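Text of the file final-v9.cif, holding mmCIF, C-alpha atoms, pLDDT in the B column; chains and numbers go by the auth columns:
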```
data_upload
loop_
_atom_site.group_PDB
_atom_site.id
_atom_site.type_symbol
_atom_site.label_atom_id
_atom_site.label_comp_id
_atom_site.label_asym_id
_atom_site.label_seq_id
_atom_site.Cartn_x
_atom_site.Cartn_y
_atom_site.Cartn_z
_atom_site.B_iso_or_equiv
_atom_site.auth_seq_id
_atom_site.auth_asym_id
ATOM 1 C CA MET A 1 7.276 12.775 14.618 83.00 1 U
ATOM 2 C CA LEU A 2 6.223 11.885 18.180 88.00 2 U
ATOM 3 C CA LYS A 3 5.421 8.305 17.179 90.00 3 U
ATOM 4 C CA PHE A 4 9.152 7.518 17.386 92.00 4 U
ATOM 5 C CA LEU A 5 9.605 9.175 20.799 94.00 5 U
ATOM 6 C CA SER A 6 8.703 8.249 24.356 94.00 6 U
ATOM 7 C CA LYS A 7 9.757 11.571 25.903 96.00 7 U
ATOM 8 C CA VAL A 8 10.630 15.128 24.877 96.00 8 U
ATOM 9 C CA ARG A 9 12.269 17.567 27.294 97.00 9 U
ATOM 10 C CA ILE A 10 12.573 21.208 26.279 96.00 10 U
ATOM 11 C CA GLU A 11 14.699 23.499 28.455 96.00 11 U
ATOM 12 C CA PHE A 12 14.965 27.248 28.002 94.00 12 U
ATOM 13 C CA ASN A 13 15.011 30.611 29.744 94.00 13 U
ATOM 14 C CA ALA A 14 11.976 32.630 28.609 92.00 14 U
ATOM 15 C CA LEU A 15 14.096 35.803 28.515 92.00 15 U
ATOM 16 C CA ASP A 16 16.808 34.234 26.342 91.00 16 U
ATOM 17 C CA PRO A 17 16.709 35.598 22.779 92.00 17 U
ATOM 18 C CA ARG A 18 17.980 32.208 21.504 92.00 18 U
ATOM 19 C CA LEU A 19 14.810 30.305 22.412 91.00 19 U
ATOM 20 C CA ALA A 20 13.127 30.419 18.967 93.00 20 U
ATOM 21 C CA SER A 21 14.003 26.840 18.079 94.00 21 U
ATOM 22 C CA CYS A 22 12.620 25.557 21.392 95.00 22 U
ATOM 23 C CA MET A 23 9.346 27.403 20.943 95.00 23 U
ATOM 24 C CA GLU A 24 8.920 26.227 17.360 95.00 24 U
ATOM 25 C CA PHE A 25 9.697 22.636 18.331 94.00 25 U
ATOM 26 C CA LEU A 26 7.249 22.851 21.243 95.00 26 U
ATOM 27 C CA ALA A 27 4.559 24.064 18.840 95.00 27 U
ATOM 28 C CA GLN A 28 5.282 21.084 16.571 94.00 28 U
ATOM 29 C CA CYS A 29 4.997 18.708 19.546 94.00 29 U
ATOM 30 C CA ASN A 30 1.676 20.249 20.583 93.00 30 U
ATOM 31 C CA ALA A 31 0.169 19.981 17.098 92.00 31 U
ATOM 32 C CA ARG A 32 -2.924 17.756 16.979 93.00 32 U
ATOM 33 C CA LYS A 33 -1.450 15.420 14.369 93.00 33 U
ATOM 34 C CA ALA A 34 1.755 14.943 16.377 91.00 34 U
ATOM 35 C CA LYS A 35 -0.139 14.199 19.601 91.00 35 U
ATOM 36 C CA GLU A 36 -2.428 11.737 17.817 93.00 36 U
ATOM 37 C CA SER A 37 0.588 9.857 16.427 92.00 37 U
ATOM 38 C CA ASN A 38 1.698 8.968 19.990 92.00 38 U
ATOM 39 C CA PRO A 39 -0.550 10.112 22.857 92.00 39 U
ATOM 40 C CA SER A 40 1.727 8.409 25.413 94.00 40 U
ATOM 41 C CA CYS A 41 4.777 10.544 24.524 94.00 41 U
ATOM 42 C CA GLN A 42 5.631 12.801 27.466 95.00 42 U
ATOM 43 C CA VAL A 43 6.407 16.413 26.603 95.00 43 U
ATOM 44 C CA GLN A 44 8.188 18.122 29.487 96.00 44 U
ATOM 45 C CA ILE A 45 9.077 21.788 29.664 95.00 45 U
ATOM 46 C CA LYS A 46 11.694 23.130 32.045 95.00 46 U
ATOM 47 C CA ARG A 47 11.783 26.895 32.312 95.00 47 U
ATOM 48 C CA ARG A 48 15.178 27.959 33.492 93.00 48 U
ATOM 49 C CA THR A 49 16.217 31.173 35.226 93.00 49 U
ATOM 50 C CA ASP A 50 19.949 30.886 34.566 93.00 50 U
ATOM 51 C CA ASP A 51 22.008 31.525 31.437 90.00 51 U
ATOM 52 C CA PHE A 52 21.944 27.836 30.403 92.00 52 U
ATOM 53 C CA PRO A 53 21.581 27.623 26.603 93.00 53 U
ATOM 54 C CA PRO A 54 18.247 26.317 25.261 95.00 54 U
ATOM 55 C CA ARG A 55 18.277 22.603 24.533 95.00 55 U
ATOM 56 C CA ILE A 56 15.952 19.839 23.454 96.00 56 U
ATOM 57 C CA THR A 57 16.387 16.261 24.659 96.00 57 U
ATOM 58 C CA VAL A 58 14.419 13.459 23.032 96.00 58 U
ATOM 59 C CA THR A 59 14.141 9.821 24.098 95.00 59 U
ATOM 60 C CA PHE A 60 13.354 7.388 21.323 94.00 60 U
ATOM 61 C CA VAL A 61 11.004 4.446 21.869 90.00 61 U
ATOM 62 C CA ASN A 62 14.042 2.127 22.034 89.00 62 U
ATOM 63 C CA GLY A 63 15.441 4.127 24.990 91.00 63 U
ATOM 64 C CA VAL A 64 18.176 6.006 23.108 91.00 64 U
ATOM 65 C CA GLU A 65 18.433 9.613 24.264 95.00 65 U
ATOM 66 C CA GLU A 66 19.689 12.456 22.104 94.00 66 U
ATOM 67 C CA THR A 67 20.240 16.092 23.070 95.00 67 U
ATOM 68 C CA PHE A 68 20.171 18.979 20.602 95.00 68 U
ATOM 69 C CA ASP A 69 21.673 22.427 21.098 94.00 69 U
ATOM 70 C CA ALA A 70 18.641 24.574 20.297 94.00 70 U
ATOM 71 C CA THR A 71 20.763 27.691 19.866 92.00 71 U
ATOM 72 C CA ALA A 72 22.523 26.231 16.833 91.00 72 U
ATOM 73 C CA THR A 73 19.955 23.798 15.405 92.00 73 U
ATOM 74 C CA PRO A 74 16.685 24.935 13.818 93.00 74 U
ATOM 75 C CA ALA A 75 13.536 23.098 14.923 93.00 75 U
ATOM 76 C CA GLN A 76 12.946 21.793 11.396 94.00 76 U
ATOM 77 C CA ASP A 77 16.416 20.205 11.358 94.00 77 U
ATOM 78 C CA ILE A 78 15.730 18.523 14.710 94.00 78 U
ATOM 79 C CA ARG A 79 12.405 17.231 13.369 94.00 79 U
ATOM 80 C CA THR A 80 14.102 15.896 10.223 94.00 80 U
ATOM 81 C CA MET A 81 16.769 14.117 12.297 94.00 81 U
ATOM 82 C CA ILE A 82 14.068 12.510 14.453 94.00 82 U
ATOM 83 C CA LEU A 83 12.121 11.340 11.398 93.00 83 U
ATOM 84 C CA ASP A 84 15.268 9.925 9.790 93.00 84 U
ATOM 85 C CA LYS A 85 16.231 8.030 12.929 93.00 85 U
ATOM 86 C CA GLY A 86 12.615 6.902 13.324 91.00 86 U
ATOM 87 C CA GLN A 87 12.603 5.373 9.850 91.00 87 U
ATOM 88 C CA PHE A 88 15.819 3.573 10.761 90.00 88 U
ATOM 89 C CA LEU A 89 14.131 2.215 13.932 89.00 89 U
ATOM 90 C CA GLU A 90 11.123 1.042 11.908 89.00 90 U
ATOM 91 C CA THR A 91 13.398 -0.751 9.443 89.00 91 U
ATOM 92 C CA GLU A 92 15.344 -2.362 12.276 87.00 92 U
ATOM 93 C CA GLN A 93 12.100 -3.537 13.893 87.00 93 U
ATOM 94 C CA MET A 94 10.816 -4.909 10.588 89.00 94 U
ATOM 95 C CA PHE A 95 13.985 -6.984 10.101 87.00 95 U
ATOM 96 C CA LYS A 96 13.877 -8.296 13.673 86.00 96 U
ATOM 97 C CA GLU A 97 10.199 -9.275 13.359 88.00 97 U
ATOM 98 C CA ALA A 98 11.044 -11.146 10.143 88.00 98 U
ATOM 99 C CA GLY A 99 13.818 -13.022 11.962 88.00 99 U
ATOM 100 C CA GLU A 100 16.560 -11.395 9.902 84.00 100 U
ATOM 101 C CA LYS A 101 19.914 -10.280 11.264 81.00 101 U
ATOM 102 C CA TRP A 102 20.354 -6.586 11.981 78.00 102 U
ATOM 103 C CA PRO A 103 22.267 -4.637 10.905 79.00 103 U
ATOM 104 C CA VAL A 104 22.387 -6.017 7.408 77.00 104 U
ATOM 105 C CA VAL A 105 25.996 -6.675 6.449 81.00 105 U
ATOM 106 C CA ILE A 106 26.803 -6.442 2.756 80.00 106 U
ATOM 107 C CA PRO A 107 29.979 -8.348 1.905 84.00 107 U
ATOM 108 C CA ASP A 108 32.845 -6.237 0.562 84.00 108 U
ATOM 109 C CA GLU A 109 32.981 -8.235 -2.671 84.00 109 U
ATOM 110 C CA GLU A 110 29.374 -7.259 -3.408 82.00 110 U
ATOM 111 C CA LEU A 111 30.077 -3.605 -2.685 80.00 111 U
ATOM 112 C CA LEU A 112 32.961 -3.657 -5.171 82.00 112 U
ATOM 113 C CA GLN A 113 30.951 -5.218 -8.023 81.00 113 U
ATOM 114 C CA PRO A 114 30.333 -2.892 -10.953 79.00 114 U
ATOM 115 C CA PHE A 115 26.812 -1.603 -11.431 74.00 115 U
ATOM 116 C CA THR A 116 25.672 -2.172 -14.974 73.00 116 U
ATOM 117 C CA GLY A 117 22.672 0.102 -14.597 71.00 117 U
ATOM 118 C CA ILE A 118 19.664 0.267 -16.839 68.00 118 U
ATOM 119 C CA LYS A 119 20.224 0.956 -20.485 68.00 119 U
ATOM 120 C CA PRO A 120 17.978 3.695 -21.882 64.00 120 U
ATOM 121 C CA LYS A 121 15.841 2.843 -24.902 66.00 121 U
ATOM 122 C CA LYS A 122 17.098 4.051 -28.240 65.00 122 U
ATOM 123 C CA ALA A 123 15.110 6.686 -30.095 58.00 123 U
ATOM 124 C CA GLU A 124 13.986 4.168 -32.737 58.00 124 U
ATOM 125 C CA GLU A 125 12.614 1.774 -30.090 57.00 125 U
ATOM 126 C CA LYS A 126 10.615 4.583 -28.415 54.00 126 U
ATOM 127 C CA GLN A 127 8.832 5.493 -31.647 58.00 127 U
ATOM 128 C CA GLN A 128 7.592 1.955 -32.348 58.00 128 U
#
```
Do you think you could lay out the structure here as structure tokens?
Amino acid sequence: MLKFLSKVRIEFNALDPRLASCMEFLAQCNARKAKESNPSCQVQIKRRTDDFPPRITVTFVNGVEETFDATATPAQDIRTMILDKGQFLETEQMFKEAGEKWPVVIPDEELLQPFTGIKPKKAEEKQQ
């Protein structure tokens, strides 16, 4: 997960009962496998003393920053969103390295073409 990120900032009040998602996400960031995937990713923790809701801010390797409300979003959902966006970034990078245009634009006429699909084999053909 960290391989797609350059920075993670986790903010929470230790006395806030809504901090579960922050703590779980922090544990995922501190896992050996996650750290090995990107040792240069900065993980910052800001312990707050006010009533500010827990939040997690991630900065992707391309500089895009995204903030998650940790009171309403489970850590696993945040992780899944990061992985999904990371796969998108990898695909984008792959196209750019190959000299292809990004994003790929599919013409409307191709989108409207019928899909013939794959015809299943008939029972008699399967037995032969």
Query - Pairwise distance for CA of Gly86 (chain U) and CA of Ala72 (chain U), rounded to one decimal in Å - result: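 If I compute the distance from CA of Gly86 (chain U) to CA of Ala72 (chain U), I get 22.0 Å.
The space between CA of Leu15 (chain U) and CA of Arg48 (chain U) spans 9.4 Å.
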Query raised in the report: How many Å lie between CA of Leu2 (chain U) and CA of Ala70 (chain U), rounded to one decimal?
Result: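 Computing it gives 17.9 Å between the two atoms.
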**Report entry** Using all atoms listed in the file: which of U:Cys29, U:Ala34, U:Val58, U:Leu19 has the shortest distance to Lys7 (chain U)
**Finding:**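 Checking each candidate against Lys7 (chain U), we get U:Val58 as the closest.
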Requested in this report: Would you mind telling me which residue in U:Phe60, U:Lys35, U:Cys41, U:Asp108 lies nearest to Gln87 (chain U) when using only C-alpha atoms?
Outcome: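 The shortest atom-to-atom distance to Gln87 (chain U) comes from U:Phe60.
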Report task. For Ile45 (chain U), work out the shell of residues within 8 Å, counting all atoms listed in the file and skipping chain neighbours fewer than 6 positions away, then give it as a list of chain:residue names. Result ->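 Near neighbours after the sequence-gap exclusion: U:Arg9, U:Ile10, U:Glu11.
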Report task. Around the point (21.5, 33.6, 33.1) in the file's coordinates, collect all residues with an atom within 12 Å, using only C-alpha atoms, and return them as a ChimeraX atom specification. Result -> /U:12-17,47-54
Could you extract chain U of the given structure into a file holding C-alpha atoms, as a compact mmCIF listing (two decimals), in the first residue's frame?
```txt
# COMPACT_ATOMS: atom_id res chain seq x y z
CA MET U 1 0.00 0.00 0.00
CA LEU U 2 2.77 2.47 0.90
CA LYS U 3 4.50 1.93 -2.44
CA PHE U 4 1.99 4.33 -4.02
CA LEU U 5 2.41 7.00 -1.32
CA SER U 6 5.08 9.56 -0.49
CA LYS U 7 3.50 10.72 2.78
CA VAL U 8 0.83 9.67 5.28
CA ARG U 9 -0.45 12.04 7.96
CA ILE U 10 -2.70 10.66 10.69
CA GLU U 11 -4.41 13.14 13.02
CA PHE U 12 -6.43 12.17 16.07
CA ASN U 13 -7.14 12.92 19.72
CA ALA U 14 -6.11 9.92 21.83
CA LEU U 15 -9.19 10.38 24.04
CA ASP U 16 -11.61 10.45 21.09
CA PRO U 17 -13.67 7.25 20.90
CA ARG U 18 -13.78 7.61 17.08
CA LEU U 19 -10.06 6.96 16.59
CA ALA U 20 -10.29 3.22 15.75
CA SER U 21 -9.83 3.71 12.02
CA CYS U 22 -6.74 5.87 12.57
CA MET U 23 -5.14 3.32 14.86
CA GLU U 24 -5.87 0.43 12.51
CA PHE U 25 -4.52 2.36 9.53
CA LEU U 26 -1.40 3.31 11.51
CA ALA U 27 -0.85 -0.37 12.32
CA GLN U 28 -1.13 -1.20 8.61
CA CYS U 29 1.41 1.52 7.77
CA ASN U 30 3.83 0.20 10.40
CA ALA U 31 3.61 -3.40 9.17
CA ARG U 32 6.96 -4.76 7.96
CA LYS U 33 5.65 -5.58 4.48
CA ALA U 34 4.20 -2.08 4.03
CA LYS U 35 7.43 -0.39 5.15
CA GLU U 36 9.51 -2.60 2.86
CA SER U 37 7.33 -1.67 -0.12
CA ASN U 38 8.39 2.00 0.22
CA PRO U 39 10.93 2.83 2.95
CA SER U 40 10.98 6.50 1.87
CA CYS U 41 7.27 7.05 2.61
CA GLN U 42 6.91 9.45 5.55
CA VAL U 43 4.37 8.46 8.19
CA GLN U 44 3.49 11.43 10.38
CA ILE U 45 1.30 11.33 13.45
CA LYS U 46 -0.31 14.44 14.90
CA ARG U 47 -1.87 13.95 18.30
CA ARG U 48 -4.50 16.57 18.82
CA THR U 49 -5.94 17.90 22.08
CA ASP U 50 -9.05 19.50 20.60
CA ASP U 51 -12.32 18.00 19.38
CA PHE U 52 -11.14 17.87 15.74
CA PRO U 53 -12.43 14.64 14.14
CA PRO U 54 -9.82 11.97 13.32
CA ARG U 55 -8.57 12.14 9.75
CA ILE U 56 -6.02 10.53 7.49
CA THR U 57 -4.30 12.46 4.70
CA VAL U 58 -2.26 10.62 2.10
CA THR U 59 -0.01 12.06 -0.61
CA PHE U 60 0.44 9.87 -3.65
CA VAL U 61 3.80 9.59 -5.42
CA ASN U 62 2.47 11.88 -8.18
CA GLY U 63 1.80 14.64 -5.61
CA VAL U 64 -1.99 14.26 -5.41
CA GLU U 65 -3.24 14.62 -1.84
CA GLU U 66 -6.39 13.00 -0.52
CA THR U 67 -7.97 13.36 2.93
CA PHE U 68 -10.23 10.75 4.51
CA ASP U 69 -12.68 11.29 7.35
CA ALA U 70 -11.56 8.53 9.71
CA THR U 71 -14.76 8.74 11.74
CA ALA U 72 -16.85 7.56 8.79
CA THR U 73 -14.40 5.47 6.75
CA PRO U 74 -13.00 2.14 7.96
CA ALA U 75 -9.24 1.65 7.60
CA GLN U 76 -9.76 -1.26 5.20
CA ASP U 77 -11.84 0.96 2.89
CA ILE U 78 -9.11 3.62 2.92
CA ARG U 79 -6.51 0.95 2.10
CA THR U 80 -8.66 -0.38 -0.76
CA MET U 81 -9.09 3.13 -2.19
CA ILE U 82 -5.33 3.69 -2.05
CA LEU U 83 -4.62 0.38 -3.79
CA ASP U 84 -7.21 1.12 -6.49
CA LYS U 85 -5.78 4.57 -7.16
CA GLY U 86 -2.26 3.10 -7.06
CA GLN U 87 -3.12 0.60 -9.79
CA PHE U 88 -4.49 3.48 -11.84
CA LEU U 89 -1.19 5.37 -11.34
CA GLU U 90 0.81 2.31 -12.40
CA THR U 91 -1.30 1.94 -15.55
CA GLU U 92 -0.91 5.63 -16.35
CA GLN U 93 2.87 5.37 -15.90
CA MET U 94 3.03 2.26 -18.09
CA PHE U 95 1.20 4.05 -20.93
CA LYS U 96 3.41 7.13 -20.64
CA GLU U 97 6.60 5.03 -20.68
CA ALA U 98 5.33 3.28 -23.82
CA GLY U 99 4.74 6.67 -25.46
CA GLU U 100 0.97 6.20 -25.56
CA LYS U 101 -1.56 8.94 -24.90
CA TRP U 102 -3.18 9.03 -21.48
CA PRO U 103 -6.00 8.83 -20.68
CA VAL U 104 -7.03 6.35 -23.32
CA VAL U 105 -10.02 7.72 -25.21
CA ILE U 106 -12.38 5.14 -26.68
CA PRO U 107 -14.44 6.60 -29.51
CA ASP U 108 -18.20 6.69 -28.93
CA GLU U 109 -18.86 4.55 -32.01
CA GLU U 110 -16.76 1.76 -30.51
CA LEU U 111 -18.56 2.00 -27.19
CA LEU U 112 -21.91 1.61 -28.96
CA GLN U 113 -20.90 -1.50 -30.95
CA PRO U 114 -22.69 -4.67 -29.91
CA PHE U 115 -20.67 -7.27 -28.05
CA THR U 116 -21.08 -10.65 -29.66
CA GLY U 117 -19.52 -12.47 -26.74
CA ILE U 118 -18.19 -15.98 -26.70
CA LYS U 119 -20.53 -18.75 -27.69
CA PRO U 120 -20.54 -21.68 -25.25
CA LYS U 121 -19.81 -25.13 -26.65
CA LYS U 122 -22.78 -27.37 -27.23
CA ALA U 123 -23.15 -30.50 -25.14
CA GLU U 124 -22.34 -32.75 -28.11
CA GLU U 125 -19.07 -30.89 -28.81
CA LYS U 126 -17.96 -31.22 -25.16
CA GLN U 127 -18.36 -35.00 -25.18
CA GLN U 128 -16.17 -35.54 -28.26
```
